[in-house]
file query-v3.txt (compact mmCIF, C-alpha atoms)
# COMPACT_ATOMS: atom_id res chain seq x y z
CA MET A 15 -9.30 20.78 -15.80
CA LYS A 16 -5.64 20.09 -15.20
CA SER A 17 -6.13 19.97 -11.45
CA GLU A 18 -9.06 17.60 -11.91
CA ILE A 19 -6.83 15.17 -13.74
CA LYS A 20 -4.15 15.53 -11.09
CA ASN A 21 -6.82 15.10 -8.44
CA SER A 22 -8.18 11.86 -9.81
CA LEU A 23 -4.67 10.60 -10.49
CA PHE A 24 -3.72 11.10 -6.85
CA LEU A 25 -6.97 9.53 -5.72
CA GLY A 26 -6.34 6.54 -7.95
CA LEU A 27 -2.80 6.13 -6.66
CA PHE A 28 -4.00 6.49 -3.08
CA LEU A 29 -6.78 3.91 -3.51
CA THR A 30 -4.47 1.46 -5.24
CA ALA A 31 -1.74 1.86 -2.63
CA SER A 32 -4.25 1.59 0.22
CA PHE A 33 -5.71 -1.57 -1.25
CA PHE A 34 -2.35 -3.32 -1.33
CA VAL A 35 -1.27 -2.09 2.09
CA LEU A 36 -4.57 -3.01 3.75
CA SER A 37 -5.13 -6.28 1.97
CA ALA A 38 -1.71 -7.84 2.53
CA PRO A 39 -2.52 -9.38 5.92
CA LEU A 40 -5.91 -10.67 4.78
CA LEU A 41 -4.61 -12.24 1.63
CA ALA A 42 -1.97 -14.11 3.57
CA HIS A 43 -4.97 -16.17 4.78
CA HIS A 44 -3.52 -19.24 6.46
CA SER A 45 -0.05 -17.92 6.82
CA GLN A 46 0.39 -15.94 9.99
CA ALA A 47 1.79 -18.72 12.06
CA VAL A 48 1.39 -22.03 10.27
CA TYR A 49 3.59 -21.62 7.19
CA ASP A 50 7.05 -20.14 6.86
CA GLU A 51 6.54 -17.80 3.96
CA ASP A 52 10.16 -16.73 3.88
CA HIS A 53 11.49 -20.14 2.89
CA LEU A 54 10.57 -21.58 -0.46
CA VAL A 55 11.03 -25.32 -0.73
CA THR A 56 11.02 -27.34 -3.93
CA VAL A 57 9.69 -30.88 -3.92
CA LYS A 58 10.09 -33.11 -6.95
CA GLY A 59 8.40 -36.48 -6.99
CA THR A 60 5.42 -38.62 -7.91
CA VAL A 61 1.80 -37.84 -7.17
CA SER A 62 0.47 -40.56 -4.85
CA LYS A 63 -2.93 -39.03 -4.09
CA PHE A 64 -4.94 -35.96 -5.08
CA GLU A 65 -7.75 -34.99 -2.68
CA TRP A 66 -10.32 -32.55 -4.11
CA ILE A 67 -11.73 -31.61 -0.72
CA ASN A 68 -12.78 -28.62 1.36
CA PRO A 69 -11.50 -26.49 2.81
CA HIS A 70 -8.18 -27.26 1.11
CA ILE A 71 -7.17 -29.43 -1.78
CA LEU A 72 -4.40 -31.82 -0.75
CA LEU A 73 -1.75 -33.11 -3.14
CA HIS A 74 0.36 -35.98 -1.81
CA VAL A 75 3.80 -36.25 -3.40
CA GLU A 76 6.25 -39.10 -2.82
CA VAL A 77 9.87 -38.11 -2.97
CA LYS A 78 12.65 -40.68 -3.26
CA ASP A 79 16.10 -39.84 -1.93
CA ASP A 80 19.47 -41.25 -3.18
CA LYS A 81 19.19 -44.27 -0.90
CA GLY A 82 15.70 -45.11 -2.12
CA ASN A 83 13.90 -43.91 1.02
CA ILE A 84 10.49 -42.47 0.28
CA ASP A 85 9.15 -39.38 1.99
CA GLU A 86 5.63 -38.09 1.53
CA TRP A 87 4.95 -34.39 1.28
CA ILE A 88 1.45 -33.01 1.57
CA CYS A 89 0.89 -29.84 -0.43
CA PHE A 90 -2.08 -27.63 0.44
CA SER A 91 -3.90 -25.55 -2.17
CA GLY A 92 -7.02 -23.38 -1.96
CA SER A 93 -10.55 -24.77 -1.79
CA PRO A 94 -12.02 -26.58 -4.81
CA SER A 95 -14.17 -23.52 -5.54
CA MET A 96 -11.17 -21.17 -5.58
CA GLN A 97 -9.02 -23.51 -7.65
CA ALA A 98 -11.84 -24.25 -10.11
CA ARG A 99 -12.94 -20.65 -10.61
CA GLU A 100 -9.65 -18.82 -10.41
CA ALA A 101 -7.19 -21.41 -11.72
CA ASN A 102 -9.42 -23.64 -13.86
CA TRP A 103 -8.50 -26.83 -11.95
CA ASN A 104 -10.74 -29.87 -11.75
CA SER A 105 -10.86 -33.00 -9.59
CA GLU A 106 -8.41 -34.74 -11.95
CA GLU A 107 -5.91 -31.90 -12.16
CA PHE A 108 -3.15 -34.19 -10.90
CA LYS A 109 -3.22 -37.94 -11.35
CA PRO A 110 -1.52 -40.60 -9.22
CA GLY A 111 1.74 -41.64 -10.85
CA GLU A 112 2.29 -38.25 -12.46
CA GLN A 113 5.73 -36.65 -12.07
CA ILE A 114 5.45 -33.24 -10.48
CA THR A 115 7.51 -30.42 -9.01
CA VAL A 116 5.91 -28.28 -6.32
CA GLN A 117 7.33 -25.08 -4.90
CA GLY A 118 5.86 -23.78 -1.70
CA PHE A 119 6.16 -22.71 1.90
CA PRO A 120 6.69 -25.36 4.59
CA GLN A 121 4.92 -25.57 7.91
CA LYS A 122 6.93 -24.10 10.73
CA ASP A 123 6.62 -27.26 12.81
CA GLY A 124 9.04 -29.09 10.52
CA ARG A 125 6.52 -31.64 9.24
CA LYS A 126 6.55 -32.38 5.53
CA ILE A 127 3.51 -30.26 4.84
CA MET A 128 3.56 -27.16 2.68
CA LEU A 129 1.41 -24.53 1.08
CA GLY A 130 1.84 -25.32 -2.62
CA ALA A 131 2.40 -22.01 -4.41
CA LYS A 132 3.61 -23.25 -7.81
CA HIS A 133 3.21 -26.57 -9.60
CA PHE A 134 5.17 -27.74 -12.64
CA ARG A 135 4.35 -30.73 -14.88
CA ALA A 136 6.99 -33.27 -15.89
CA ASN A 137 7.56 -31.33 -19.14
CA GLY A 138 8.17 -28.11 -17.19
CA ASP A 139 4.78 -26.52 -17.91
CA GLU A 140 3.65 -24.29 -15.07
CA VAL A 141 0.15 -24.92 -13.74
CA GLN A 142 -2.19 -21.95 -13.26
CA GLU A 143 -2.66 -20.95 -9.62
CA SER A 144 -5.52 -19.25 -7.77
CA LEU A 145 -5.26 -15.60 -6.72
CA ALA A 146 -4.31 -16.34 -3.11
CA GLU A 147 -1.38 -18.55 -4.12
CA GLN A 148 -0.25 -16.00 -6.67
CA ARG A 149 -0.27 -13.23 -4.08
CA ILE A 150 1.50 -15.27 -1.42
CA TYR A 151 4.24 -16.19 -3.89
CA GLN A 152 4.46 -12.59 -5.07
CA GLY A 153 4.79 -11.44 -1.46
CA TYR A 154 7.70 -13.81 -0.98
CA ALA A 155 9.32 -12.64 -4.24
CA ASP A 156 8.87 -8.98 -3.28
CA ARG A 157 10.43 -9.48 0.15
CA ARG A 158 13.35 -11.31 -1.44
CA ALA A 159 13.85 -8.48 -3.93
CA LYS A 160 13.75 -5.95 -1.09
CA GLU A 161 16.36 -7.90 0.87
CA GLY A 162 18.50 -8.04 -2.29
CA ASP A 163 18.33 -4.24 -2.55
CA LYS A 164 19.56 -3.83 1.03
CA LYS A 165 22.67 -6.00 0.42
CA MET B 15 11.34 17.79 5.34
CA THR B 16 11.78 20.90 3.23
CA LYS B 17 9.17 23.63 3.14
CA ARG B 18 8.52 22.82 -0.48
CA SER B 19 7.90 19.13 0.13
CA MET B 20 5.69 19.93 3.12
CA GLY B 21 3.65 22.17 0.89
CA PHE B 22 3.38 19.38 -1.64
CA VAL B 23 2.20 16.90 0.99
CA ALA B 24 -0.36 19.41 2.27
CA ALA B 25 -1.61 19.96 -1.28
CA VAL B 26 -1.97 16.22 -1.87
CA ALA B 27 -3.79 15.80 1.45
CA ALA B 28 -6.13 18.64 0.59
CA MET B 29 -6.84 17.19 -2.84
CA LEU B 30 -7.50 13.76 -1.38
CA SER B 31 -9.93 15.01 1.21
CA PHE B 32 -11.65 17.14 -1.39
CA SER B 33 -12.05 14.21 -3.77
CA PHE B 34 -13.40 11.97 -0.99
CA LEU B 35 -15.95 14.64 -0.14
CA ALA B 36 -16.95 14.95 -3.77
CA LEU B 37 -17.28 11.18 -4.09
CA ALA B 38 -19.23 10.89 -0.86
CA GLN B 39 -21.62 13.58 -2.04
CA SER B 40 -22.24 11.96 -5.40
CA ALA B 41 -22.73 8.60 -3.64
CA SER B 42 -25.28 10.00 -1.21
CA LYS B 43 -27.20 11.69 -4.01
CA SER B 44 -27.69 8.38 -5.79
CA ALA B 45 -28.43 6.36 -2.64
CA GLY B 46 -31.78 4.59 -2.70
CA THR B 47 -32.42 4.90 -6.42
CA ALA B 48 -31.10 2.16 -8.62
CA ASN B 49 -29.83 3.11 -12.06
CA ALA B 50 -31.64 2.15 -15.25
CA THR B 51 -29.52 -0.92 -15.99
CA VAL B 52 -30.75 -2.69 -12.85
CA PRO B 53 -33.30 -5.44 -13.58
CA ARG B 54 -36.72 -5.43 -11.90
CA THR B 55 -39.21 -8.11 -10.96
CA ALA B 56 -42.80 -8.22 -12.25
CA ASP B 57 -43.96 -6.34 -9.13
CA GLY B 58 -41.54 -3.50 -9.85
CA LYS B 59 -38.99 -4.23 -7.14
CA VAL B 60 -35.29 -4.22 -7.84
CA ASP B 61 -34.34 -7.83 -8.63
CA LEU B 62 -31.47 -8.93 -6.42
CA SER B 63 -31.44 -12.47 -7.87
CA GLY B 64 -28.18 -13.83 -9.12
CA PHE B 65 -24.85 -15.29 -8.11
CA TRP B 66 -22.77 -12.78 -6.18
CA THR B 67 -19.25 -12.89 -4.79
CA THR B 68 -16.41 -10.84 -3.36
CA PRO B 69 -14.92 -8.38 -5.87
CA THR B 70 -11.65 -10.11 -6.72
CA GLY B 71 -11.84 -9.86 -10.52
CA ALA B 72 -9.75 -7.50 -12.62
CA GLY B 73 -10.52 -3.87 -11.81
CA GLU B 74 -13.32 -4.75 -9.37
CA ALA B 75 -11.46 -3.69 -6.23
CA GLU B 76 -10.88 -0.26 -7.76
CA SER B 77 -14.39 0.19 -9.16
CA THR B 78 -16.12 -0.71 -5.87
CA ALA B 79 -13.76 1.54 -3.87
CA LYS B 80 -14.68 4.33 -6.27
CA ILE B 81 -18.41 3.80 -5.62
CA TYR B 82 -17.75 3.77 -1.88
CA GLY B 83 -15.40 6.74 -1.95
CA HIS B 84 -12.86 5.15 0.39
CA PRO B 85 -10.45 2.25 0.14
CA LEU B 86 -11.91 -1.23 0.71
CA VAL B 87 -10.31 -4.55 1.55
CA LEU B 88 -11.75 -7.32 -0.62
CA GLY B 89 -14.84 -5.15 -1.13
CA ARG B 90 -15.26 -4.45 2.59
CA SER B 91 -14.78 -1.34 4.63
CA ARG B 92 -12.72 -1.63 7.81
CA GLU B 93 -14.34 -0.23 10.91
CA PRO B 94 -13.17 0.09 14.51
CA TRP B 95 -14.96 -1.94 17.19
CA LEU B 96 -16.19 -0.41 20.42
CA MET B 97 -16.67 -3.44 22.64
CA THR B 98 -18.20 -3.71 26.08
CA PRO B 99 -15.83 -4.97 28.81
CA TRP B 100 -17.63 -8.34 28.58
CA ALA B 101 -16.82 -8.66 24.87
CA LYS B 102 -13.37 -7.07 25.12
CA ALA B 103 -12.22 -9.60 27.70
CA GLN B 104 -13.21 -12.48 25.42
CA TYR B 105 -11.68 -10.81 22.40
CA ASP B 106 -8.37 -10.33 24.23
CA TYR B 107 -8.44 -13.95 25.31
CA ASN B 108 -9.11 -15.08 21.73
CA GLN B 109 -6.28 -12.90 20.46
CA ASP B 110 -3.61 -13.77 23.06
CA PRO B 111 -0.62 -14.85 20.98
CA THR B 112 1.14 -16.43 23.95
CA GLN B 113 -1.63 -19.01 24.29
CA GLY B 114 -1.74 -20.65 20.90
CA VAL B 115 -1.37 -20.36 17.16
CA ASN B 116 -2.67 -17.06 15.85
CA ALA B 117 -3.50 -18.08 12.33
CA HIS B 118 -6.58 -16.54 10.67
CA GLY B 119 -6.26 -13.53 12.96
CA ALA B 120 -6.82 -15.17 16.35
CA ARG B 121 -6.11 -18.33 18.30
CA LEU B 122 -6.82 -21.19 15.98
CA GLU B 123 -7.76 -23.73 18.66
CA LEU B 124 -10.53 -21.39 19.83
CA ASN B 125 -11.93 -20.53 16.39
CA PRO B 126 -15.49 -21.93 16.46
CA ARG B 127 -15.48 -22.64 12.76
CA TYR B 128 -11.96 -23.94 12.23
CA ALA B 129 -11.53 -25.87 15.44
CA HIS B 130 -15.06 -26.75 16.54
CA CYS B 131 -17.12 -27.20 13.40
CA ILE B 132 -19.56 -24.41 14.26
CA PRO B 133 -21.29 -22.70 11.29
CA LEU B 134 -20.24 -19.23 10.18
CA SER B 135 -22.03 -16.27 11.73
CA LEU B 136 -24.41 -14.31 9.52
CA LEU B 137 -21.94 -11.43 9.41
CA ALA B 138 -19.16 -13.77 8.31
CA GLN B 139 -21.40 -15.19 5.58
CA VAL B 140 -22.54 -11.81 4.28
CA ALA B 141 -19.31 -9.89 4.73
CA GLY B 142 -17.06 -12.75 3.77
CA THR B 143 -14.85 -12.89 6.81
CA ASP B 144 -13.72 -16.24 5.49
CA VAL B 145 -11.88 -14.64 2.52
CA LEU B 146 -14.58 -14.90 -0.18
CA SER B 147 -18.34 -14.76 0.23
CA PRO B 148 -20.10 -16.38 -2.72
CA PHE B 149 -23.89 -16.70 -2.53
CA GLU B 150 -26.91 -17.01 -4.78
CA ILE B 151 -30.12 -15.03 -4.29
CA HIS B 152 -33.53 -16.23 -5.49
CA GLN B 153 -36.17 -13.53 -5.16
CA SER B 154 -39.93 -13.93 -5.08
CA PRO B 155 -42.59 -11.47 -3.80
CA ARG B 156 -42.89 -13.50 -0.58
CA LYS B 157 -39.23 -13.95 0.28
CA LEU B 158 -35.63 -13.94 -0.83
CA THR B 159 -33.85 -17.25 -0.51
CA VAL B 160 -30.10 -16.84 -0.13
CA ILE B 161 -27.87 -19.88 -0.56
CA PHE B 162 -24.44 -19.24 0.90
CA GLU B 163 -21.85 -21.44 -0.74
CA HIS B 164 -19.85 -21.74 2.49
CA ASP B 165 -21.46 -24.51 4.53
CA ASN B 166 -24.13 -24.60 1.76
CA ALA B 167 -26.17 -22.65 4.30
CA ILE B 168 -29.66 -21.38 3.47
CA ARG B 169 -31.12 -18.10 4.62
CA GLN B 170 -34.65 -16.80 4.07
CA ILE B 171 -35.52 -13.11 4.13
CA PHE B 172 -39.29 -12.74 4.42
CA THR B 173 -40.66 -9.76 2.49
CA ASP B 174 -44.40 -10.40 2.96
CA GLY B 175 -44.74 -8.10 5.93
CA ARG B 176 -44.63 -10.74 8.67
CA PRO B 177 -42.99 -9.81 11.97
CA HIS B 178 -40.33 -11.82 13.78
CA PRO B 179 -42.07 -14.79 15.43
CA LYS B 180 -42.92 -15.03 19.10
CA PRO B 181 -41.43 -16.92 20.74
CA LEU B 182 -38.31 -16.36 18.71
CA GLU B 183 -36.41 -19.50 17.83
CA ILE B 184 -32.65 -19.01 18.24
CA THR B 185 -30.84 -20.30 15.14
CA TRP B 186 -27.41 -20.00 13.52
CA LEU B 187 -28.46 -17.46 10.89
CA GLY B 188 -31.39 -15.99 12.81
CA HIS B 189 -34.78 -14.79 11.55
CA SER B 190 -34.74 -12.18 8.78
CA THR B 191 -37.48 -9.86 7.57
CA GLY B 192 -37.08 -7.47 4.66
CA ASN B 193 -38.83 -4.20 3.78
CA TRP B 194 -38.35 -2.18 0.63
CA GLU B 195 -37.52 1.49 1.17
CA GLY B 196 -37.57 2.70 -2.43
CA ASP B 197 -34.97 0.59 -4.20
CA THR B 198 -33.21 -0.39 -0.99
CA LEU B 199 -34.07 -3.66 0.74
CA VAL B 200 -33.76 -3.16 4.49
CA VAL B 201 -33.25 -6.49 6.24
CA ASP B 202 -33.64 -6.98 9.97
CA THR B 203 -32.24 -10.13 11.59
CA VAL B 204 -32.54 -11.29 15.20
CA GLY B 205 -32.38 -14.58 17.07
CA MET B 206 -28.82 -15.66 16.27
CA ARG B 207 -26.98 -18.23 18.38
CA ASP B 208 -24.10 -16.78 20.36
CA GLU B 209 -21.49 -19.51 19.81
CA THR B 210 -20.21 -17.98 16.59
CA TRP B 211 -17.49 -15.38 16.22
CA LEU B 212 -18.40 -12.36 14.16
CA ASP B 213 -15.11 -12.65 12.30
CA ASN B 214 -11.84 -14.55 12.35
CA ASP B 215 -10.31 -11.99 14.69
CA GLY B 216 -12.32 -13.38 17.59
CA HIS B 217 -14.99 -10.69 18.01
CA VAL B 218 -17.85 -12.22 20.00
CA HIS B 219 -21.54 -11.41 20.32
CA SER B 220 -24.51 -12.35 22.45
CA ASP B 221 -27.92 -13.70 21.47
CA GLN B 222 -29.12 -10.10 21.72
CA LEU B 223 -27.36 -9.40 18.40
CA ARG B 224 -29.39 -7.58 15.78
CA MET B 225 -28.09 -7.17 12.23
CA ILE B 226 -29.56 -4.61 9.87
CA GLU B 227 -28.59 -4.70 6.20
CA ARG B 228 -29.43 -2.04 3.64
CA ILE B 229 -29.01 -3.83 0.32
CA GLN B 230 -28.82 -1.94 -2.95
CA ARG B 231 -28.10 -3.13 -6.46
CA VAL B 232 -26.15 0.01 -7.33
CA ASP B 233 -25.61 -1.05 -10.92
CA HIS B 234 -26.27 -4.17 -12.96
CA ASP B 235 -23.18 -5.99 -11.69
CA THR B 236 -22.75 -4.54 -8.20
CA LEU B 237 -24.46 -5.19 -4.88
CA ARG B 238 -23.81 -2.86 -1.97
CA THR B 239 -24.74 -3.88 1.58
CA ASP B 240 -24.51 -1.40 4.44
CA ILE B 241 -24.45 -3.39 7.65
CA THR B 242 -25.27 -2.24 11.17
CA LEU B 243 -24.76 -4.48 14.20
CA GLU B 244 -26.41 -3.79 17.52
CA ASP B 245 -25.73 -5.86 20.62
CA ALA B 246 -26.28 -4.25 24.00
CA LYS B 247 -24.22 -6.94 25.72
CA ALA B 248 -21.22 -6.92 23.36
CA LEU B 249 -21.07 -3.50 21.69
CA GLU B 250 -20.76 -0.10 23.34
CA GLN B 251 -22.30 1.40 20.24
CA SER B 252 -23.57 0.08 16.92
CA TRP B 253 -20.98 -1.13 14.43
CA HIS B 254 -21.14 -0.41 10.72
CA GLN B 255 -19.57 -2.00 7.71
CA THR B 256 -20.12 -1.62 3.98
CA VAL B 257 -19.61 -4.66 1.78
CA PHE B 258 -19.68 -5.01 -1.99
CA HIS B 259 -20.37 -8.05 -4.15
CA LYS B 260 -20.08 -8.51 -7.90
CA LEU B 261 -22.39 -10.48 -10.19
CA ARG B 262 -21.11 -13.76 -11.65
CA PRO B 263 -23.77 -14.66 -14.25
CA ASN B 264 -22.01 -17.85 -15.31
CA TRP B 265 -21.18 -19.27 -11.90
CA ASP B 266 -23.08 -22.05 -10.20
CA LEU B 267 -23.04 -23.14 -6.59
CA MET B 268 -20.49 -25.75 -5.57
CA GLU B 269 -20.74 -28.11 -2.64
CA ASP B 270 -18.77 -26.57 0.18
CA VAL B 271 -19.60 -28.47 3.34
CA ARG B 272 -16.36 -27.87 5.06
CA CYS B 273 -15.95 -29.27 8.46
CA THR B 274 -17.73 -32.59 8.53
CA GLU B 275 -14.74 -34.85 7.92
CA ASN B 276 -11.83 -32.66 7.28
CA ILE B 277 -11.74 -30.59 10.41
CA LYS B 278 -10.81 -33.73 12.32
CA ARG B 279 -7.95 -34.31 9.91
CA GLY B 280 -6.63 -30.80 10.58
CA VAL B 281 -7.10 -29.76 6.98
CA TYR B 282 -8.08 -26.31 8.23
CA THR B 283 -5.21 -25.85 10.58
CA GLY B 284 -2.35 -27.46 8.70
CA SER B 285 -1.95 -30.00 11.50
CA TYR B 286 -2.86 -32.62 8.94
CA GLU B 287 -3.50 -36.21 10.07
CA ASN B 288 -4.15 -39.11 7.72
call {"tool": "encode", "arguments": {"input": "query-v3.txt", "output": "structure tokens"}}
result
Amino acid sequence: MKSEIKNSLFLGLFLTASFFVLSAPLLAHHSQAVYDEDHLVTVKGTVSKFEWINPHILLHVEVKDDKGNIDEWICFSGSPSMQAREANWNSEEFKPGEQITVQGFPQKDGRKIMLGAKHFRANGDEVQESLAEQRIYQGYADRRAKEGDKK
Amino acid sequence: MTKRSMGFVAAVAAMLSFSFLALAQSASKSAGTANATVPRTADGKVDLSGFWTTPTGAGEAESTAKIYGHPLVLGRSREPWLMTPWAKAQYDYNQDPTQGVNAHGARLELNPRYAHCIPLSLLAQVAGTDVLSPFEIHQSPRKLTVIFEHDNAIRQIFTDGRPHPKPLEITWLGHSTGNWEGDTLVVDTVGMRDETWLDNDGHVHSDQLRMIERIQRVDHDTLRTDITLEDAKALEQSWHQTVFHKLRPNWDLMEDVRCTENIKRGVYTGSYEN
């Protein structure tokens, strides 16, 4: 009896560990070369456009610098189906004119395009994210924690 | 490594292999016979109707891996490919990281779906190569109609005993016939166009591809599909994969026609253009 419990415990641990090890590259989806998942950028600005389109929702954010110059960032999210089912978003999740802060991973080519991993409303409320975004952000956080341990 | 720790590792390995054997045995015993919670149609067949998707919900990865007896990735088993030299050369070309951006597992500018607006292959639709694979099945005695959410593609599996047509029309999703073997629906598909990749890694196939699916509703909420691919031109030997889907009784299909406008804007590739 005791060995049965031990047996299933080990099996459970093995299956769980295997799932995370094997799934990491798949869950990184669009990441392998396009986005720099080791650098988190924070963009604070005004929503200029919200595109509820496949295969990726696009949030356009205008950011004003000290001199009044405006830059536009484009923040990618998952597909409408992923965001609707996993994060409860709809086509009016973000409205033009709304103040927003987006944290995410920039494209490696230096253009102002990012994978939006976290969104915060003007009052600081965090918006729910789909599973892929959650895992990508968690991956970044885990790597950062690991680097911290080494130092 | 100390003797003691080596002994411990050996014991764990032995226990793991034993438990996999035990699981595999119990799985094979139940194969082909659906349990009592599985709904049936008026003609007594297992009813496969419903909205199904990749097991990403809480606890679903673990429960499907337990049914299968081995670890799964997003409800799918991972299997090695034995390619012919013809297929291997194309695969290597599609993979070459010095020649382009290797997002999605292979060179993005070559990916038929992401760069050239070509529909997903049947394997990609069923096995969810494109991350998730949501679809809805409508079953009648004459046929199963499967609506894949990706591309809003429609597939028909004819269960009225008809053979594949002659001449065979070559189409994106091919021609599918289904036969019930007990509670398992065995689906045979041929006549698939060869422009698609089998997956995002750049595995190719010819129009000789044949896909055999053994579909079982193993419990009320779980669909298991054992896939076999045969392709004399592309595969040295048949390739197998097991895929699980979970029931989503409250989900409805969404429009997901992906490439029409947005591929040109680079919304797939991140090379976004306004």
call {"tool": "residues_around", "arguments": {"input": "query-v3.txt", "residues": "range 65-81 of chain A", "least_positions_apart": "4", "cutoff": "8 Å", "atoms": "only C-alpha atoms", "output": "PDB file with C-alpha atoms, in the frame of the given file"}}
result
ATOM      1  CA  VAL A  57       9.690 -30.880  -3.920  1.00  0.00           C
ATOM      2  CA  LYS A  58      10.090 -33.110  -6.950  1.00  0.00           C
ATOM      3  CA  GLY A  59       8.400 -36.480  -6.990  1.00  0.00           C
ATOM      4  CA  THR A  60       5.420 -38.620  -7.910  1.00  0.00           C
ATOM      5  CA  VAL A  61       1.800 -37.840  -7.170  1.00  0.00           C
ATOM      6  CA  ASP A  85       9.150 -39.380   1.990  1.00  0.00           C
ATOM      7  CA  GLU A  86       5.630 -38.090   1.530  1.00  0.00           C
ATOM      8  CA  TRP A  87       4.950 -34.390   1.280  1.00  0.00           C
ATOM      9  CA  ILE A  88       1.450 -33.010   1.570  1.00  0.00           C
ATOM     10  CA  CYS A  89       0.890 -29.840  -0.430  1.00  0.00           C
ATOM     11  CA  PHE A  90      -2.080 -27.630   0.440  1.00  0.00           C
ATOM     12  CA  SER A  91      -3.900 -25.550  -2.170  1.00  0.00           C
ATOM     13  CA  GLY A  92      -7.020 -23.380  -1.960  1.00  0.00           C
ATOM     14  CA  SER A  93     -10.550 -24.770  -1.790  1.00  0.00           C
ATOM     15  CA  PRO A  94     -12.020 -26.580  -4.810  1.00  0.00           C
ATOM     16  CA  SER A 105     -10.860 -33.000  -9.590  1.00  0.00           C
ATOM     17  CA  PHE A 108      -3.150 -34.190 -10.900  1.00  0.00           C
ATOM     18  CA  ILE A 114       5.450 -33.240 -10.480  1.00  0.00           C
TER      19      ILE A 114
ATOM     20  CA  ASP B 270     -18.770 -26.570   0.180  1.00  0.00           C
ATOM     21  CA  VAL B 271     -19.600 -28.470   3.340  1.00  0.00           C
ATOM     22  CA  ARG B 272     -16.360 -27.870   5.060  1.00  0.00           C
ATOM     23  CA  CYS B 273     -15.950 -29.270   8.460  1.00  0.00           C
ATOM     24  CA  ASN B 276     -11.830 -32.660   7.280  1.00  0.00           C
ATOM     25  CA  VAL B 281      -7.100 -29.760   6.980  1.00  0.00           C
ATOM     26  CA  TYR B 282      -8.080 -26.310   8.230  1.00  0.00           C
TER      27      TYR B 282
END
call {"tool": "residues_around", "arguments": {"input": "query-v3.txt", "residues": "Ala246 in chain B", "least_positions_apart": "5", "cutoff": "9 Å", "atoms": "all atoms listed in the file", "output": "list of chain:residue names"}}
result
B:Thr98, B:Ser220, B:Gln222, B:Leu223, B:Gln251, B:Ser252
call {"tool": "residues_around", "arguments": {"input": "query-v3.txt", "residues": "Asp208 in chain B", "least_positions_apart": "5", "cutoff": "12 Å", "atoms": "all atoms listed in the file", "output": "ChimeraX atom specification"}}
result
/B:101,126,132-136,184-188,217-224,245,247-248
call {"tool": "closest_residue", "arguments": {"input": "query-v3.txt", "among": "A:Ala136, A:Ala155, A:Val55, A:Val48", "to": "Glu112 in chain A", "atoms": "all atoms listed in the file"}}
result
A:Ala136
call {"tool": "axis_aligned_box", "arguments": {"input": "query-v3.txt", "around": "range 100-105 of chain A", "padding_each_side": "5 Å", "output": "AutoDock Vina command-line options"}}
result
--center_x -9.0 --center_y -25.9 --center_z -11.7 --size_x 13.7 --size_y 24.2 --size_z 14.3
call {"tool": "residues_around", "arguments": {"input": "query-v3.txt", "residues": "Thr67 in chain B", "least_positions_apart": "6", "cutoff": "7 Å", "atoms": "only C-alpha atoms", "output": "PyMOL selection string"}}
result
chain B and resi 146-149+259-261
call {"tool": "write_last_selection", "arguments": {"input": "query-v3.txt", "atoms": "C-alpha atoms", "output": "compact mmCIF listing (two decimals), in the frame of the given file"}}
result
# COMPACT_ATOMS: atom_id res chain seq x y z
CA LEU B 146 -14.58 -14.90 -0.18
CA SER B 147 -18.34 -14.76 0.23
CA PRO B 148 -20.10 -16.38 -2.72
CA PHE B 149 -23.89 -16.70 -2.53
CA HIS B 259 -20.37 -8.05 -4.15
CA LYS B 260 -20.08 -8.51 -7.90
CA LEU B 261 -22.39 -10.48 -10.19
call {"tool": "closest_residue", "arguments": {"input": "query-v3.txt", "among": "A:Lys160, A:His53, A:Arg99, A:Lys63", "to": "chain B", "atoms": "all atoms listed in the file"}}
result
A:Arg99
call {"tool": "residues_near_point", "arguments": {"input": "query-v3.txt", "point": "(-9.7, -10.6, 21.2)", "cutoff": "10 Å", "atoms": "all atoms listed in the file", "output": "list of chain:residue names"}}
result
B:Ala101, B:Lys102, B:Ala103, B:Gln104, B:Tyr105, B:Asp106, B:Tyr107, B:Asn108, B:Gln109, B:Asp110, B:Gly119, B:Ala120, B:Arg121, B:Asn214, B:Asp215, B:Gly216, B:His217, B:Val218
call {"tool": "atom_distance", "arguments": {"input": "query-v3.txt", "atom1": "CA of Lys109 in chain A", "atom2": "CA of Ala131 in chain A"}}
result
18.3 Å
call {"tool": "atom_distance", "arguments": {"input": "query-v3.txt", "atom1": "CA of Arg135 in chain A", "atom2": "CA of Asn264 in chain B"}}
result
29.3 Å
call {"tool": "residues_around", "arguments": {"input": "query-v3.txt", "residues": "Thr239 in chain B", "least_positions_apart": "3", "cutoff": "12 Å", "atoms": "only C-alpha atoms", "output": "PyMOL selection string"}}
result
chain B and resi 45-46+62+66+68+78+82+89-91+137+140-142+198-201+225-232+236+242+254-260
call {"tool": "closest_residue", "arguments": {"input": "query-v3.txt", "among": "A:Gln97, A:Gln113, A:Gln121, A:Gln148", "to": "Tyr49 in chain A", "atoms": "all atoms listed in the file"}}
result
A:Gln121
call {"tool": "closest_residue", "arguments": {"input": "query-v3.txt", "among": "A:Val116, A:Ala98, A:Glu106, A:Ser62", "to": "Glu140 in chain A", "atoms": "all atoms listed in the file"}}
result
A:Val116
call {"tool": "closest_residue", "arguments": {"input": "query-v3.txt", "among": "B:Ala129, B:Ala72, B:Val87, B:Val160", "to": "chain A", "atoms": "all atoms listed in the file"}}
result
B:Val87
call {"tool": "closest_residue", "arguments": {"input": "query-v3.txt", "among": "B:Ala138, B:Val145, B:Ile161, B:Leu124", "to": "chain A", "atoms": "only C-alpha atoms"}}
result
B:Val145
